[in-house]
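Single-structure report; data block below.
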Amino acid sequence: MSFALLTEQPARAFIPEPSVAAQPSKVVVTGRVTDRQGEPVPGVTVYVKGNTAKGTMTDEKGRYNLDITSESSKKPVIIFSCIGMDTQEITFNGKTVIDVVMDESASELENSVVTGYANIRKESFTGNTVSVSKEELLKASKTNVIKALQSFDPSFRIKENNLNGSDPNAVPELYIRGESGVGTKELDVDEFSKANLENNPNLPIFILDGFEITAQKLYDMDPDRIENITILKDAAATALYGSRASNGVVVITSVAPSPGKLKISYKFVGTVEAPDLSDYNLMNAEEKLQTELLAGCYDPVKAGVPSDVVERLTEYNAKLQNVRKGVDTYWMAKPLRSVFNHKHSLYIDGGSSAFRFGVDLQYTNQDGVMKGSKRDRMGAGVYLQYVYKQLSIKNYTSFLQTDSRESPYGSFSDYTKAQPYDEYLDEYGNYLETLRSWSIYSGSVRANPLYEAGLDSYQKSRSQEFINNLSINWYIIDGLRLSGQVSVTKGISSSDRFYDPRSKKNSQILDLSNPSSGTLYTTSGDRLSWNVNAYLSYNKSFGNHNINGQAGVNVIDSSSESINTTYFGFPSGKFDSINYAQELNGKPTSSESTSRTIGFLAGVNYSYKDIYLLDASCRFDGNSAFGKDNRFAPFWAAGAGLNIHNYAFFKSTPLTLLRLRVTYGRTGKINFPAYAALTTYQVNTEEWYKTGYGVTIMSLGNRNLRWEITDQLDTGFELGLWKNRIYAKFSYYSKLTKDLINDVTIPSSTGFTSFRDNIGEVTNKGVELNMRVEAIRTSDMILTLQGSLAHNKNRLRKVAESLEEYNKRVQDTMASYGNKDENAAKPFTQYVEGVSLNSIWGMKSLGIDPATGQEIYLTKDGKLTDTWTASEQQVLGETDPKVQGYFGFNFQWKNFTVYTSFLYEAGGYRYNQTLATKVEGVSIYQSNVDRRVLTDRWTTPGQVASFKAMEPGIYGVTSTRPTSRFVQKYNALSFSSLTIGYSIDRKYLKKAHMNMLRIELGTNDLFHVSSVKQERGLSYPYSRSFNLSVQIGF
Amino acid sequence: MKKYIFVLVTAVLTLASCNKWLDIQPANTINEDDLFETGDGYRNALNGVYLQLASSSLFGRELTYGMTEALAHTHEVDLAYKNNLTYKDIANYTYTTDGTKSIISGIWTTAYNIIANCNNIIGHIADDSPEKFSEGEKERSLIYGEAMAVRALCHFIILQYFAPAPQDNIADEDGNYSVYLPYYDKFSKEIAEYIDVPAFIGRIEEDLKAARELVAVYDLADALNIYRLTTKYRVTGRTFNSSYPQSSDIF
């Protein structure tokens, strides 16, 4: 609502009235102005149409006196206007007492596009946007805003995170209209990070009430605090954000308090979350032992230990004894649980139209399905708004604390590999430190993954954020407004990782020769950012001309610092305070970063008769991350549109909306660390010469780093029939991202190995289609069907030499993996011209040779071979789907509602990692396997089979290197949300002094089906959730 | 007209002050422009170069008692390297294990990194005024010259370990030599051209001579000490004669 005040004041036309002889008698109109709640509205301007000079204003009690004696017209029109209220026009008909009830102008958000700098009328805007209201958003998800948005825009996608599944602490990575950057490449990925949100090249920016926030902040935000979300997609919509805009902009407007009596509303959401293991197909103890026998683990010759006949038999019998004893450990269940999470939001608001306030409180407890993992949020905010004459002052202060904790059980994959015939408890019911060693071949030390969970190790973090947004609007004259906004964000974060002295994860494990162990890694961070906006906006109609323009300046300064410290040597897991630590492990290190941006911007939206539409905007941005000579860059966009439905000819036809639009523009993005342009020196503090310390070059800067820019063309139409009961929107876009910025590998003879440079070009071309049909619309029943489809084609268009250098590194690394290396089975992406950023690389395969059981590969020039060569890999498919989108329906009957949303994608490919690491290439002797391990294996010469022969794997097995055999078409459908709601009739609530009671039942991710049968959620499983929400208003 | 000039002047002033505001220096590291603002900065950079030369991947170990001695078999291989398989591999001229690879690449990358450090000093000092330095022209020339000499030294290390001896680098039928190494005389991300061994030695000599010109004039050592550096003294052990030597005799 923060921008709602400026627009939509209907134009006051200054039409001279015909002059008539003056009225001699004195005529004074009096009365009282109230709002819908019966509260007086002070500060309302009251004047006669065409004569603003003689206007008056209501007092604190809402009373006014207006002298209309000298009016030329016999029946003058009296206008009542006030910021934030719908203007009323009342024709004087002799009655001198006129009481007026004014309505809040609530419909503004519905009829306008919120760009963050202005609210532009939907009717005249040519930019491509998607708007989501609070009600819609909450139907799709009550706890996760980012997830919910997938159900409103087919181009808005969360990057699949097969590793981290439903981990509450894995903040999703997302992108709009395809990926345009390379980001951190696979060989350089940091193992500890779950998502790459810092300097992510594909992430859109998020603007909350005019200011940028992080994706994590949106992820932690209470969806009930959101009034509206607008996704800005094309250049015309985003150009005012200039250098940050090319991945799209998500504009979030928070709920503003409404005037009137004190209102209290409370909402409870209870969620039951249960792990979804339907994609796992692992063996039980008996099956597993049988498989080991079939694979030849106990056949001394096959196993490669011909002299150990007795020893093999002993091991088999020992395991068989366990199986017969009834040992069948269901390892997967050990670290998992079903959880009940609850979320509470309380909102209190009220006040008069001159002064309003709102207070919000939220508490969300989100436990993950892996034991011990959680993410809790606690937040509070105060909103104050004061309107005085032409001035409106708003201030929103909020505080949010997020506490998160990782599961002590470690990675879920440890449990999916564990052998079901192993026992995990000793005879006293304690977790075994090591699992039973079956023979010399199974290793003398077999770690029990549950042992670590029983210790006092932990990994937790806390972040606190304090935000103050002040916004002042001065309505100088009709249509002209000066706005100033200042936002300050202060963030404090800390994260600790502690290894119990008994933990095997310590670098020095506790034993007789090493009496002290235990490590605590701490990081504390501090962040401060300032953001100032100042702009003038003008919004006016002159006859058939309608103009909405703004010009201003935007200044951003953000700095952050973090300190890393490592403590070593703790007496026990219980004594984890740093005071107990034996010593500091090295000096604490600190890292710092400051970046500044200044932007000058201007934009105008013009329409003639609401038929011919025009948009133009530009921004001139300067950023501290670039070298002195490349610091400033211009960004711009222009758009044109035609509202065919506004031609008089169509007025009486069923055509209610037909808009053609085309926009083109240039935007940019900055996604690299603040000091990449500088060559910096580090100080060698350990040794000094007499002449002082020594410094050496730390990083090779690039003064010539150019801005990464995106040119985007967007065109399409919107069609509405029978008052938009049938609605369709179609868009085509073509995005060209130039001068992609990335880390490049350079030969070490330059003295360095990596460098930040402009490396290439990426294109994203695609179409989007949204449809909505109101199949039923009666007075108490509405059924709306909706669906969407998006197609995006991603191509690398130009590749710098440096990326080829990286490809070589990939090939060298892959070639260096031994045949038994676990990483050998993993495909790595390479970057070449003409293919997608998400392509799957491997060798073409013709399948298993029936004669020998060996895999037959095809080289790039079509020769047959049975050896896998890293340099002979080629693109086998891309993970980008051909089409993706959502569909569902929204049904309302009286107070009863049903909402569904399904997500689908089709036409992409996946590398079935389960086949590569759990069926083939798995050491049957050492880990549990997928049930498919026994099917379709090659056994005898002449047999046609899909999988290689089973290997006993006592000494490890040959990994299947990336091959086209495991590339499978990926079509998927998931039931993302179902919500059934019921509002209890007001007449029953009156007695309880309530004005609203709504109950909703819902579920998220009830099922996910796909054509690729592979394990999902490798380090953290996926989950299903069921929720109940109760909303009460007083 | 005046109005436009005013607007123009304001715009230029605003942009200029913006530019200054956008100029941020990192707090934990030193920006090169700041470092070479003073003569002391050059000293620090040169100190850094010497510290790197003394690091374990060069003269701190590998080029002295580490890899070099293993290659030269100055110790009884089986005995001395009983517990150090990496040096044993080196002594047996096996260069493909992970351990040996990391020592070898350590020499390569450290030497070239020092070269880059020297080149950045040289690139800045060449056009810098002597007034910055507390000892004036003398200090400037010494730092300049020493950086040149270290650059030559590091290239020489690389030559020693990564290219064949000059007599093995013979021309083919067409009179072309095979190229082995790049010689860097600029601080840049651009890869220098690979050249053959005689040309490489020529470049080293060029740098040493240039360094001599800069250093010899201001050398702090007295005539006797300089004499002791000469080949003549080392070979013949003749006593010091004041008419002798010339600085050119050192090389």
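Residue numbering restarts at 1 in every chain; chains get A, B, ... in the order shown in the structure tokens, and ligands count up from 1 in that same order.
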Could you find all residues in region 20-236 of chain B that DSSP calls strand (DSSP E) from the backbone, and write them as a PDB file with C-alpha atoms, in the first residue's frame?
ATOM      1  CA  ILE B  30      46.031  -3.187   0.071  1.00  0.00           C
ATOM      2  CA  ASN B  31      45.065  -1.811  -3.289  1.00  0.00           C
ATOM      3  CA  LEU B 181      58.907 -21.386 -21.923  1.00  0.00           C
ATOM      4  CA  PRO B 182      57.271 -17.978 -21.793  1.00  0.00           C
ATOM      5  CA  TYR B 194      56.752 -19.328 -25.625  1.00  0.00           C
ATOM      6  CA  ILE B 195      60.351 -19.055 -26.790  1.00  0.00           C
TER       7      ILE B 195
END
### Message
Give me, as a ChimeraX atom specification, all polymer residues having an atom no more than 12 Å from Leu35 (chain B), counting only C-alpha atoms and skipping those fewer than 3 positions away in the same chain.
### Response
/A:679-683,694-697 /B:25,29-32,38-46,120-121,124-125
Could you build a table of the residues in chain A lying no more than 8 Å from chain B, giving for each the nearest pair of atoms and their separation in Å rounded to one decimal place, using only C-alpha atoms, ordered by chain and ascending residue number, as a tab-separated table?
residue	atom	partner	partner_atom	distance
A:Ser590	CA	B:Asn28	CA	7.4
A:Ser591	CA	B:Asn28	CA	6.6
A:Glu592	CA	B:Ala27	CA	6.5
A:Ser593	CA	B:Pro26	CA	6.8
A:Thr594	CA	B:Ile24	CA	7.2
A:Ser595	CA	B:Ile24	CA	7.5
A:Arg596	CA	B:Leu22	CA	6.0
A:Thr597	CA	B:Leu22	CA	7.2
A:Ile598	CA	B:Cys18	CA	7.6
A:Gly622	CA	B:Leu22	CA	7.5
A:Asn623	CA	B:Leu22	CA	6.4
A:Ser624	CA	B:Leu22	CA	4.5
A:Lys628	CA	B:Asp23	CA	7.7
A:Arg631	CA	B:Asn19	CA	7.8
A:Tyr675	CA	B:Pro26	CA	7.2
A:Leu678	CA	B:Asn31	CA	6.6
A:Thr679	CA	B:Glu32	CA	5.9
A:Thr680	CA	B:Asn31	CA	4.5
A:Tyr681	CA	B:Ile30	CA	4.9
A:Gln682	CA	B:Thr29	CA	5.4
A:Val683	CA	B:Thr29	CA	7.4
A:Asn684	CA	B:Gly48	CA	7.3
A:Glu687	CA	B:Leu51	CA	7.9
A:Tyr689	CA	B:Asn47	CA	7.0
A:Thr691	CA	B:Arg43	CA	7.1
A:Gly692	CA	B:Asn44	CA	6.5
A:Tyr693	CA	B:Asn44	CA	5.8
A:Gly694	CA	B:Gly48	CA	3.8
A:Val695	CA	B:Gly48	CA	4.5
A:Thr696	CA	B:Gly48	CA	5.2
A:Ile697	CA	B:Asn117	CA	6.4
A:Leu700	CA	B:Lys189	CA	7.8
A:Ile746	CA	B:Lys189	CA	7.4
A:Pro747	CA	B:Ile191	CA	7.4
A:Ser748	CA	B:Thr109	CA	5.9
A:Ser749	CA	B:Tyr112	CA	5.4
A:Thr750	CA	B:Lys189	CA	6.0
A:Gly751	CA	B:Asn113	CA	3.7
A:Phe752	CA	B:Asn113	CA	6.6
A:Phe755	CA	B:Lys189	CA	7.9
### Task
Could you check how far CA of Gln88 (chain A) sits from CA of Asp103 (chain A), in Å to one decimal?
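If I compute the distance from CA of Gln88 (chain A) to CA of Asp103 (chain A), I get 9.0 Å.
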Taking only C-alpha atoms into account, produce a table as a tab-separated table in which each residue of region 119-237 of chain B with an atom at most 10 Å from an atom of region 58-75 of chain B appears once, together with its shortest atom pair and the distance in Å to one decimal, ordered by chain and rising number.
residue	atom	partner	partner_atom	distance
B:Cys154	CA	B:Leu58	CA	9.7
B:Ile157	CA	B:Leu63	CA	8.9
B:Tyr161	CA	B:Thr68	CA	9.7
Pull N, CA and C atoms from the residues just selected and write them as a compact mmCIF listing (two decimals), in the first residue's frame.
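The resulting file, again38.txt, is shown below:
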# COMPACT_ATOMS: atom_id res chain seq x y z
N CYS B 154 64.31 -15.76 -11.28
CA CYS B 154 63.18 -16.69 -11.30
C CYS B 154 63.01 -17.34 -12.66
N ILE B 157 65.48 -20.03 -12.75
CA ILE B 157 65.04 -21.24 -12.04
C ILE B 157 64.14 -22.08 -12.93
N TYR B 161 64.81 -26.00 -14.48
CA TYR B 161 64.01 -27.18 -14.16
C TYR B 161 63.05 -27.60 -15.25
### Residues near His1008 (chain A), cut-off 7 Å, only C-alpha atoms, skip fewer than 5 positions along chain, as a ChimeraX atom specification
/A:973-975
Include C-alpha atoms and write out the residues we just selected as a PDB file, in the first residue's frame.
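As written to disk, result.pdb reads:
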ATOM      1  CA  LEU A 973       4.122 -33.775 -12.577  1.00  0.00           C
ATOM      2  CA  SER A 974       3.740 -32.696  -8.999  1.00  0.00           C
ATOM      3  CA  PHE A 975       0.689 -31.806  -6.971  1.00  0.00           C
TER       4      PHE A 975
END
